[in-house]
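Contents: one structure, followed by commentary.
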Amino acid sequence: MKISLIQMNSQPDRDHNLRQALRLMQDAVDRDAPDLIVLPEHFDWSGGTPQQKSNAADAVPGGRAYDVLQDFAASHRVWLHAGSLLERVQGSDRIRNTTVIFDADGIEVGRYRKLHLFDIVAPDGKTYRESETVERGNDLLIYEINGLRIGCAICYDLRFSRLFDRLAQAGVDVIILPAAFTLQTGKDHWEVLCRARAIEFQVYFVACGQWGPYPGAGGETRQTYGNSLVCDPWGQVISRASDAVGFFTTYLEIDRVRAVRNLIPMETHRLDLTNVPVRSALP
């Protein structure tokens, strides 16, 4: 399967972001004719104040970003893993951070809402409080294209291996993670975590990120790490974005997944440790 990753620099400006996404997706289709296009987290809106984010959240289905991508998928006969967008929640002041998947007919095949919310103080002192505005999801999503079973995750989910263990139990071959990783955490943790997830669960790991500066809640400039990449099931980085807005295309092959799993049959060795007692020798 041929897959194109779109690396964006989204801003608190939906018109700007959709123009950028459409231009890059069109370039990918014209040059490489992929089966599947992946967008980053927050492709439709990034930055601004919590109130601006809440106001920017749109209907799913029926919102502008949703409709634009649905039309693109149908008119270009391409699957879209639509990064994540801000989803309005009817009757609530909360929003969701939501991935939507469209097939090549433009039909929605599923949604994944981010489970782990990013509430930290980064090494540079900047505070992130995603839970101030975002309501966490409560389930996982798997879909299939060209014989590959694909599991969904978003950004901060990357740090929580139990999510990927659950997807592995469900038999996924590929995990796709749209992200907006900070520069400070990304430079130390992004690649090593992506490669680790690919190795420990013997999957292709597809990580599609935001790159570059955007305005934060207090007007300060924040930086995202970019470095969108694809790891194969052996943990090798087989494709990586340059340090800029753009896209790249690569291939995912089910035979590679099978070869790695035959070489080291981890699935047959994996134990359920939920009820295994932990003995303590601590004083």
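Convention: chains lettered A, B, ... in structure tokens order; per-chain residue numbering from 1; ligands numbered from 1 as shown.
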
Could you pull out the alpha helix (DSSP H) residues of segment 71-261 of chain A from DSSP and send them as an MDAnalysis selection string?
chainID A and resid 71:76 161:169 183:201 254:261

Residues of segment 77-135 of chain A within 9 Å of segment 29-45 of chain A: nearest atom pair and distance (Å, one decimal) for each, counting only C-alpha atoms, sorted by chain and number, as JSON lines?
{"residue": "A:Arg77", "atom": "CA", "partner": "A:Asp35", "partner_atom": "CA", "distance": 8.4}
{"residue": "A:Val78", "atom": "CA", "partner": "A:Asp35", "partner_atom": "CA", "distance": 5.6}
{"residue": "A:Trp79", "atom": "CA", "partner": "A:Leu36", "partner_atom": "CA", "distance": 4.6}
{"residue": "A:Leu80", "atom": "CA", "partner": "A:Ile37", "partner_atom": "CA", "distance": 4.9}
{"residue": "A:His81", "atom": "CA", "partner": "A:Val38", "partner_atom": "CA", "distance": 4.8}
{"residue": "A:Ala82", "atom": "CA", "partner": "A:Leu39", "partner_atom": "CA", "distance": 5.3}
{"residue": "A:Gly83", "atom": "CA", "partner": "A:Leu39", "partner_atom": "CA", "distance": 4.2}
{"residue": "A:Ser84", "atom": "CA", "partner": "A:Glu41", "partner_atom": "CA", "distance": 4.5}
{"residue": "A:Leu85", "atom": "CA", "partner": "A:His42", "partner_atom": "CA", "distance": 5.2}
{"residue": "A:Leu86", "atom": "CA", "partner": "A:His42", "partner_atom": "CA", "distance": 7.1}
{"residue": "A:Asn97", "atom": "CA", "partner": "A:His42", "partner_atom": "CA", "distance": 7.8}
{"residue": "A:Thr98", "atom": "CA", "partner": "A:Glu41", "partner_atom": "CA", "distance": 8.7}
{"residue": "A:Thr99", "atom": "CA", "partner": "A:Glu41", "partner_atom": "CA", "distance": 8.1}
{"residue": "A:Asp103", "atom": "CA", "partner": "A:Leu36", "partner_atom": "CA", "distance": 8.7}
{"residue": "A:Ala104", "atom": "CA", "partner": "A:Asp35", "partner_atom": "CA", "distance": 8.5}

Taking only C-alpha atoms into account, name the residue in A:Arg162, A:Arg240, A:Arg111, A:His269 that is nearest to Val206 of chain A.
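Ranked by minimum distance to Val206 of chain A, first place goes to A:Arg240.
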
Contacts of Gly151 of chain A at 12 Å or less, counting only C-alpha atoms, minus same-chain residues fewer than 4 places along, as a PyMOL selection string?
chain A and resi 81+99+101+110-112+139-145+163-178+201+203-206

Give me, as a short mmCIF file (atom, residue, chain, number, x, y, z; two decimals) with C-alpha atoms, in the first residue's frame, the residues of segment 4-40 of chain A that a backbone DSSP run labels strand (DSSP E).
data_model
loop_
_atom_site.label_atom_id
_atom_site.label_comp_id
_atom_site.auth_asym_id
_atom_site.auth_seq_id
_atom_site.Cartn_x
_atom_site.Cartn_y
_atom_site.Cartn_z
CA SER A 4 1.56 9.84 1.84
CA LEU A 5 2.20 11.82 5.04
CA ILE A 6 1.37 15.54 5.04
CA GLN A 7 3.51 17.65 7.39
CA LEU A 36 -3.98 6.62 1.74
CA ILE A 37 -3.14 10.17 2.84
CA VAL A 38 -2.40 11.01 6.49
#

Return the single residue from A:Gly125, A:Ala59, A:Lys2, A:Ser10 that is closest to Gln210 of chain A, with distances computed using only C-alpha atoms.
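Among the listed residues, the smallest separation from Gln210 of chain A belongs to A:Ser10.
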
List as a list in words the protein and nucleic acid residues near Asn55 of chain A, meaning an atom at most 10 Å away when only C-alpha atoms are counted, but skip any in the same chain fewer than 2 places from it.
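Residues meeting the cut-off are Thr49, Pro50, Gln51, Gln52, Lys53, Ala57, Asp58, Leu86, Arg88, Asp93 and Ile95 of chain A.
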
Writer output for current selection, N, CA and C atoms, as a PDB file, in the first residue's frame:
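See out33.pdb below for the written result:
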ATOM      1  N   THR A  49      -6.155  30.703  22.238  1.00  0.00           N
ATOM      2  CA  THR A  49      -6.602  30.545  23.618  1.00  0.00           C
ATOM      3  C   THR A  49      -7.582  29.379  23.727  1.00  0.00           C
ATOM      4  N   PRO A  50      -7.811  28.882  24.955  1.00  0.00           N
ATOM      5  CA  PRO A  50      -8.838  27.841  25.124  1.00  0.00           C
ATOM      6  C   PRO A  50     -10.201  28.262  24.570  1.00  0.00           C
ATOM      7  N   GLN A  51     -10.571  29.537  24.771  1.00  0.00           N
ATOM      8  CA  GLN A  51     -11.858  29.987  24.267  1.00  0.00           C
ATOM      9  C   GLN A  51     -11.896  29.988  22.740  1.00  0.00           C
ATOM     10  N   GLN A  52     -10.789  30.392  22.111  1.00  0.00           N
ATOM     11  CA  GLN A  52     -10.736  30.364  20.652  1.00  0.00           C
ATOM     12  C   GLN A  52     -10.840  28.934  20.126  1.00  0.00           C
ATOM     13  N   LYS A  53     -10.203  27.998  20.809  1.00  0.00           N
ATOM     14  CA  LYS A  53     -10.302  26.599  20.402  1.00  0.00           C
ATOM     15  C   LYS A  53     -11.737  26.108  20.517  1.00  0.00           C
ATOM     16  N   ALA A  57     -14.206  24.808  17.324  1.00  0.00           N
ATOM     17  CA  ALA A  57     -14.687  23.432  17.172  1.00  0.00           C
ATOM     18  C   ALA A  57     -15.917  23.407  16.275  1.00  0.00           C
ATOM     19  N   ASP A  58     -15.970  22.392  15.414  1.00  0.00           N
ATOM     20  CA  ASP A  58     -17.002  22.350  14.381  1.00  0.00           C
ATOM     21  C   ASP A  58     -17.742  21.021  14.423  1.00  0.00           C
ATOM     22  N   LEU A  86     -10.902  19.659  15.580  1.00  0.00           N
ATOM     23  CA  LEU A  86     -11.635  20.051  16.779  1.00  0.00           C
ATOM     24  C   LEU A  86     -13.114  19.770  16.560  1.00  0.00           C
ATOM     25  N   ARG A  88     -16.953  19.745  17.807  1.00  0.00           N
ATOM     26  CA  ARG A  88     -17.912  20.319  18.739  1.00  0.00           C
ATOM     27  C   ARG A  88     -18.768  19.224  19.370  1.00  0.00           C
ATOM     28  N   ASP A  93     -19.749  22.405  26.899  1.00  0.00           N
ATOM     29  CA  ASP A  93     -18.701  23.384  26.644  1.00  0.00           C
ATOM     30  C   ASP A  93     -17.369  22.712  26.380  1.00  0.00           C
ATOM     31  N   ILE A  95     -14.894  20.099  23.997  1.00  0.00           N
ATOM     32  CA  ILE A  95     -14.723  19.695  22.614  1.00  0.00           C
ATOM     33  C   ILE A  95     -13.959  18.379  22.598  1.00  0.00           C
TER      34      ILE A  95
END

Near Phe181 of chain A, counting only C-alpha atoms, which residues have an atom at most 8 Å away, once you skip same-chain residues fewer than 3 positions from it, shown as a VMD selection string?
chain A and resid 155 to 156 185 to 186 190 209 to 210 224 to 226

Counting only C-alpha atoms, the option among A:Val68, A:Ala28, A:Val237, A:Met8 closest to Trp211 of chain A
A:Met8

Provide the atom CA of Glu130 of chain A to atom CA of His116 of chain A distance in Å, to one decimal place.
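Distance reported for this atom pair: 9.5 Å.
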
With only C-alpha atoms as the atoms that count, which of A:Phe160, A:Thr274, A:Asp71, A:Ile3 lies nearest to Val230 of chain A?
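Looking only at the distances to Val230 of chain A, the closest residue turns out to be A:Ile3.
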
Can I get the residues of segment 73-169 of chain A within 12 Å of segment 213-221 of chain A, each with the closest pair of atoms and their distance in Å to one decimal, using only C-alpha atoms, sorted chain first then ascending number, as a tab-separated table?
residue	atom	partner	partner_atom	distance
A:Asp124	CA	A:Thr221	CA	11.7
A:Gly125	CA	A:Glu220	CA	11.7
A:Lys126	CA	A:Glu220	CA	9.2
A:Thr127	CA	A:Ala217	CA	9.5
A:Tyr128	CA	A:Ala217	CA	9.3
A:Arg129	CA	A:Ala217	CA	10.3
A:Glu130	CA	A:Ala217	CA	11.4

Determine the nearest neighbour of Asn262 of chain A from the options A:Val121, A:Gln202, A:Ser92, A:Glu108, counting only C-alpha atoms.
A:Gln202

Quick one: of A:Val134, A:Ala153, A:Met25, A:Leu117, who's nearest to Ser54 of chain A, counting only C-alpha atoms?
A:Val134
